[in-house]
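Data block below; observations after.
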Amino acid sequence: MENCIFCKIANGEIPSATLYEDEDFRVILDLGPASKGHALILPKAHAANIYELPDETAGKAMILAKHMATRLRDGLHCDGFNIVQNNGEIAGQTVFHFHMHLIPRYEGDQVGL
Ligand code: 5GP
Ligand code: ZN
């Protein structure tokens with residue numbers, strides 16, 4: 001998809017702070033983190049939102065979210081974890097390429113979701 005920033009990041013055309021990559025996904029640090037370690041799971045194939053996401057990719061994304069959340073928890077020693085995924089402007093989506101937010105939470109933090 002032309003002019004989609006997350007297509008370019010996911011496919012390596014724009015450099016990013018990458019935590020993980022495989023043939024289907026790239027996991028990057030969020031540019032405006034809500035907390036330390038806030039990361040985004042990006043599928044490499046464009047889908048604007050969850051409605052467009054193929055079932056197979058949705059399944060793989062959930063498994064990857066589980067593995068990345070565990071890895072971030074073990075590395076950062078966070079106290080909790082939010083996994084968030086926004087669809088549509090009213091729901092807070094600002095980049096219209098499906099992504100999952102991985103948000104480590106810490107006692108006393110001020111994250112507003
Ligand atoms: P949304 O509001 O669509 O659910 O989430 C978009 C997220 O992407 C935001 O948390 C924002 O900080 C992040 N973001 C937007 N542009 C970029 C970018 O160019 N690079 C990275 N790493 N994150 C971005
Ligand atoms: Zn895209």
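Numbering starts fresh at 1 for the residues of each chain in the structure tokens, the chains themselves are lettered A, B, ... in the order given, and ligands are numbered from 1 as they appear.
Shell of stretch 79-96 of chain A at 9 Å, with only C-alpha atoms counted and residues fewer than 2 places along the chain excluded, is Cys4, Ile5, Phe6, Ala47, Ala48, Asn49, Ile50, Tyr51, Ala65, Ala69, Arg73, His77, Phe98, His99, Met100, His101, Leu102, Ile103, Pro104, Arg105, Tyr106, Glu107 and Leu113 of chain A.
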Can you tell me which residues surround stretch 17-25 of chain A at a distance of at most 9 Å, considering only C-alpha atoms, apart from same-chain residues fewer than 5 positions away, and format the answer as a CSV table (one decimal) with N, CA and C atoms, in the first residue's frame?
chain,number,residue,atom,x,y,z
A,10,ALA,N,7.3,-1.6,8.5
A,10,ALA,CA,7.2,-3.1,8.7
A,10,ALA,C,8.1,-3.8,7.7
A,11,ASN,N,8.2,-3.2,6.5
A,11,ASN,CA,9.0,-3.9,5.4
A,11,ASN,C,10.4,-3.4,5.3
A,30,ASP,N,7.4,2.1,20.1
A,30,ASP,CA,6.6,3.2,19.7
A,30,ASP,C,7.4,4.5,19.8
A,39,ALA,N,5.6,-1.0,22.8
A,39,ALA,CA,6.0,-1.6,21.5
A,39,ALA,C,4.8,-1.8,20.6
A,41,ILE,N,3.2,-4.2,17.4
A,41,ILE,CA,3.3,-5.4,16.5
A,41,ILE,C,2.7,-4.9,15.1
A,42,LEU,N,3.5,-5.0,14.1
A,42,LEU,CA,3.0,-4.6,12.7
A,42,LEU,C,3.1,-5.8,11.8
A,43,PRO,N,1.9,-6.2,11.2
A,43,PRO,CA,2.0,-7.2,10.1
A,43,PRO,C,2.7,-6.5,8.9
A,44,LYS,N,3.4,-7.3,8.2
A,44,LYS,CA,4.1,-6.8,7.0
A,44,LYS,C,3.1,-6.5,5.8
A,45,ALA,N,2.1,-7.3,5.7
A,45,ALA,CA,1.1,-7.1,4.7
A,45,ALA,C,0.0,-6.1,5.2
A,57,THR,N,-3.4,-14.3,10.0
A,57,THR,CA,-2.5,-13.3,10.5
A,57,THR,C,-2.9,-12.9,11.9
A,60,LYS,N,-1.6,-15.5,14.3
A,60,LYS,CA,-0.2,-15.4,14.5
A,60,LYS,C,0.1,-14.2,15.4
A,61,ALA,N,-0.7,-13.1,15.1
A,61,ALA,CA,-0.4,-11.8,15.9
A,61,ALA,C,-0.7,-12.0,17.4
A,64,LEU,N,2.2,-14.0,18.8
A,64,LEU,CA,3.4,-13.1,18.9
A,64,LEU,C,3.2,-12.1,20.1
A,68,MET,N,5.9,-11.7,23.0
A,68,MET,CA,6.6,-10.4,23.2
A,68,MET,C,6.2,-9.9,24.6
Practice task
Just the alpha helix (DSSP H) stuff from stretch 6-83 of chain A, please, per backbone DSSP, written as an MDAnalysis selection string.
Solution key: chainID A and resid 6:10 55:76
Practice task
Give the strand (DSSP E) residues of stretch 1-112 of chain A, as assigned by DSSP on the backbone, as a PyMOL selection string.
Solution key: chain A and resi 18-21+25-29+39-43+80-84+100-105
With C-alpha atoms retained, could you export that selection as a PDB file, in the first residue's frame?
ATOM      1  CA  THR A  18      13.116  -3.291  15.922  1.00  0.00           C
ATOM      2  CA  LEU A  19      12.694  -5.776  18.776  1.00  0.00           C
ATOM      3  CA  TYR A  20      11.687  -8.735  16.617  1.00  0.00           C
ATOM      4  CA  GLU A  21      11.146  -9.597  12.967  1.00  0.00           C
ATOM      5  CA  PHE A  25       5.687  -9.247  11.333  1.00  0.00           C
ATOM      6  CA  ARG A  26       7.973  -6.586  12.713  1.00  0.00           C
ATOM      7  CA  VAL A  27       7.798  -5.485  16.357  1.00  0.00           C
ATOM      8  CA  ILE A  28       9.053  -1.946  16.979  1.00  0.00           C
ATOM      9  CA  LEU A  29       9.279   0.547  19.808  1.00  0.00           C
ATOM     10  CA  ALA A  39       6.020  -1.596  21.494  1.00  0.00           C
ATOM     11  CA  LEU A  40       3.902  -2.143  18.390  1.00  0.00           C
ATOM     12  CA  ILE A  41       3.282  -5.355  16.468  1.00  0.00           C
ATOM     13  CA  LEU A  42       3.015  -4.600  12.749  1.00  0.00           C
ATOM     14  CA  PRO A  43       2.024  -7.183  10.135  1.00  0.00           C
ATOM     15  CA  GLY A  80       1.388  -5.373  34.641  1.00  0.00           C
ATOM     16  CA  PHE A  81       0.631  -5.279  30.955  1.00  0.00           C
ATOM     17  CA  ASN A  82      -1.929  -3.841  28.545  1.00  0.00           C
ATOM     18  CA  ILE A  83      -2.428  -5.124  25.009  1.00  0.00           C
ATOM     19  CA  VAL A  84      -4.479  -2.598  23.054  1.00  0.00           C
ATOM     20  CA  MET A 100      -1.244  -4.058  18.403  1.00  0.00           C
ATOM     21  CA  HIS A 101       0.093  -1.958  21.263  1.00  0.00           C
ATOM     22  CA  LEU A 102       2.167  -3.770  23.892  1.00  0.00           C
ATOM     23  CA  ILE A 103       2.211  -1.490  26.931  1.00  0.00           C
ATOM     24  CA  PRO A 104       4.174  -2.494  30.021  1.00  0.00           C
ATOM     25  CA  ARG A 105       2.658  -1.010  33.184  1.00  0.00           C
TER      26      ARG A 105
END
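Once A:Gln110 and its same-chain neighbours fewer than 2 positions away are set aside, Ala34, Ser35, Tyr106, Gly108 and Gly112 of chain A remain within 9 Å of it when counting only C-alpha atoms.
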Export of prior selection with C-alpha atoms as a PDB file, in the first residue's frame:
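Written out: part-v4.pdb:
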ATOM      1  CA  ALA A  34       2.958   5.611  26.764  1.00  0.00           C
ATOM      2  CA  SER A  35       5.390   3.804  29.105  1.00  0.00           C
ATOM      3  CA  TYR A 106       4.465   0.091  36.328  1.00  0.00           C
ATOM      4  CA  GLY A 108       2.256   4.509  39.995  1.00  0.00           C
ATOM      5  CA  GLY A 112      -4.335   6.828  30.199  1.00  0.00           C
TER       6      GLY A 112
END
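Computed from the coordinates, the atom CA of A:Lys8 to atom 14 (N, counted along the ligand's line) of ligand 1 distance equals 12.4 Å.
One distance worth recording is that between atom 17 (C, counted along the ligand's line) of ligand 1 and atom CA of A:Gly37, which is 14.6 Å.
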Fill in the blank from the handout: Of A:Asp109, A:Glu2, A:His97, A:Glu52, the one nearest to ligand 1 when counting only C-alpha atoms and all ligand atoms is A:His97
Problem - atom CA of A:Ile9 to atom 5 (O, counted along the ligand's line) of ligand 1, distance in Å rounded to a single decimal - result: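 Pair atom CA of A:Ile9 / atom 5 (O, counted along the ligand's line) of ligand 1 returns 13.7 Å.
For the choices A:Leu72, A:Met1, A:Ala58, A:Ile14, the atom-to-atom distance to A:Lys36 is smallest for A:Leu72 when using only C-alpha atoms.
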Problem - Nearest to ligand 2, chosen from A:Gly12, A:Gly32, A:His46, A:Gly59, with only C-alpha atoms and all ligand atoms counted in the distances - result: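 Closest to ligand 2, using only C-alpha atoms and all ligand atoms: A:His46.
Nearest-residue note for ligand 2: choosing from A:Pro33, A:Ser16, A:Leu53, A:Gly75, the minimum distance belongs to A:Leu53, counting only C-alpha atoms and all ligand atoms.
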Practice task
Compare A:Leu31, A:Ile63, A:Pro15, A:Cys7 by their minimum atom-to-atom distance to ligand 1, counting only C-alpha atoms and all ligand atoms, and give me the closest one.
Solution key: A:Leu31
